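Written below as structure tokens is the structure these notes are about.
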Amino acid sequence: MADQDVATVAGRDLRVTERFPVRRVVLTGLVFVVGVVVIVGVYRTLTLPGEQRVQFDTWRDIFIAGVALGSVYALIALGYSLVYGILRMINFAHGEVFMAGAMISFFVGRAMSESGFMARQPLAALVVLFAVGAAASTVIATLLERIAYRPLRTAPRLVPLITAIGASLFLQNSFQGFFGAQNQGYAVPSTVDGSVTIFGAKIDRVEILAIAIGVVGVLALHLFVSRSKTGRSMRAVSEDREIAALMGINVDRTIVQTFVIGGAFAGVAGVLWGLTFQAVQPTMGFVPGITAFTAAVLGGIGSVVGAALGGLIIGVVSSVAPFLILDGFHVPSAFQLQDVITFLILVLVLIFRPTGLFGGKDREKV
């Protein structure tokens, strides 16, 4: 009887432990801590003495730079969302696809600058840069699909993921070996060099270009996916590849078209990155690639609109938050913690809403 009583009490304790929401308590505590840090940091930043406080003009410039950067992240994130929507895999080599467009266009830009063509025809040179960047990234993305991913479509999901990481390292080290690991100065046509004043705000021309291309690109892709015949094929393959094939859709061609579109957007983003920061290098794809992946997850990976909105949010938050939150704590190099804030957003999204802002239980499609 004593043993039975002990077993009964132990069973009750176990059931009580199972009913106790340990995970919910931990997550609530995490949200509380993060919320307190953010609120206190913002309050202390905004109440700094006059000579230490960031002025409105500076906040405005930081915000505009964040929107421009978010537009670039959105263009990269579209590739993640499109590929995931079709193949249900994360193409971690997409950051190197972005890098390839920037690097190849750099060499073309240098040649145009040395020949004097860029000085004589800056607008034409700008168009050539975008065309070359998009073409280079498209070729790399298509080769990745044909060589690395197509043979593994029926393999377990972990296998293509490892392959994507291997492809990323292969491309990064190949470009380092052929072109060197150092930073290369990116030639900027005079068309997008300098700044303009709009409603009293001084805005860099390249920021205006990035925002304009981001908006036009996202709208064009959304209309393409929702209204064109190829877009309908992409949505059908996303739903069920076998049924789509039975309906007469060429699945292989549709998947290649998806990689082509994602690669072209990544190449355009690579050129914008080079024009914005005026420097490129073979290792430049990792951080923007992971940041764009964070944007895709935040918006709801598989959603075109979600990827665009996620990129915009990540760009603005990563630009504004280091100063808005950390200046109040007198952090000496707040901007250096930009990537920390980005990855913190990724962790929080994966914990609290892994389907993203535009995701749902069943929404994983393009």
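Residue numbering restarts at 1 for every chain of the structure tokens, chains are lettered A, B, ... in their displayed order, and ligands are numbered from 1 as they appear.
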Run DSSP on the backbone and give me the residues of region 188-332 of chain A it puts in strand (DSSP E or B), as a list in words.
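Residues of region 188-332 of chain A classed as strand (DSSP E or B): Ser195, Val196, Thr197, Ile198, Ala201, Lys202, Ile203, Asp204, Ala279 and Val280 of chain A.
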Selected residues written out, C-alpha atoms, as a PDB file, in the first residue's frame:
```pdb
ATOM      1  CA  SER A 195      22.400  63.864 -53.671  1.00  0.00           C
ATOM      2  CA  VAL A 196      19.251  65.889 -54.285  1.00  0.00           C
ATOM      3  CA  THR A 197      17.048  67.928 -51.947  1.00  0.00           C
ATOM      4  CA  ILE A 198      13.399  66.876 -51.638  1.00  0.00           C
ATOM      5  CA  ALA A 201      15.664  66.586 -47.014  1.00  0.00           C
ATOM      6  CA  LYS A 202      19.002  65.830 -48.644  1.00  0.00           C
ATOM      7  CA  ILE A 203      18.734  62.339 -50.150  1.00  0.00           C
ATOM      8  CA  ASP A 204      21.418  60.427 -52.012  1.00  0.00           C
ATOM      9  CA  ALA A 279      32.881  48.556 -52.546  1.00  0.00           C
ATOM     10  CA  VAL A 280      32.482  44.815 -53.178  1.00  0.00           C
TER      11      VAL A 280
END
```
Show me, as a PyMOL selection string, the residues that have an atom within 12 Å of Ile165 (chain A) when counting only C-alpha atoms, minus same-chain residues fewer than 5 positions from it.
chain A and resi 89-96+144+148-149+158-160+170-172+286
Figure out the distance between CA of Ala212 (chain A) and CA of Ile64 (chain A), please, to one decimal in Å.
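Straight-line distance from CA of Ile64 (chain A) to CA of Ala212 (chain A) works out to 12.5 Å.
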Please tabulate, as a tab-separated table, the residues of region 151-190 of chain A that come within 9 Å of region 120-132 of chain A, each with its closest pair of atoms and the distance in Å to one decimal, counting only C-alpha atoms and ordering rows by chain, then residue number upward.
```
residue	atom	partner	partner_atom	distance
A:Val188	CA	A:Leu126	CA	8.2
A:Pro189	CA	A:Pro122	CA	5.0
A:Ser190	CA	A:Pro122	CA	5.9
```
Can you check which parts of region 326-360 of chain A lie within 9 Å of region 39-57 of chain A? Per residue, the shortest pair of atoms and distance in Å to one decimal, counting only C-alpha atoms, sorted by chain and number, as a Markdown table.
```
| residue | atom | partner | partner_atom | distance |
| --- | --- | --- | --- | --- |
| A:Leu326 | CA | A:Gly41 | CA | 5.9 |
| A:Asp327 | CA | A:Thr45 | CA | 5.5 |
| A:Gly328 | CA | A:Thr45 | CA | 3.9 |
| A:Phe329 | CA | A:Gly41 | CA | 6.4 |
| A:His330 | CA | A:Thr45 | CA | 8.8 |
```
So which residues of region 137-254 of chain A fall under alpha helix (DSSP H) by DSSP, listed as a ChimeraX atom specification?
/A:137-143,158-179,205-227,229-239,241-246,251-254
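If you measure from each of A:Phe107, A:Phe335, A:Tyr84, A:Phe98 to Ser238 (chain A) using only C-alpha atoms, the closest one turns out to be A:Tyr84.
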Find, counting only C-alpha atoms, the residue in A:Val22, A:Ala269, A:Val67, A:Val287 that gets nearest to Ile211 (chain A).
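The closest residue to Ile211 (chain A) is A:Val67.
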I need the residue nearest Arg205 (chain A) from this list: A:Ala65, A:Ala134, A:Ile140, A:Ile345. Use only C-alpha atoms for the distance.
A:Ala65
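Proximity of A:Leu221, A:Leu272, A:Val256, A:Ala77 to Ala307 (chain A), computed with only C-alpha atoms, is greatest for A:Ala77.
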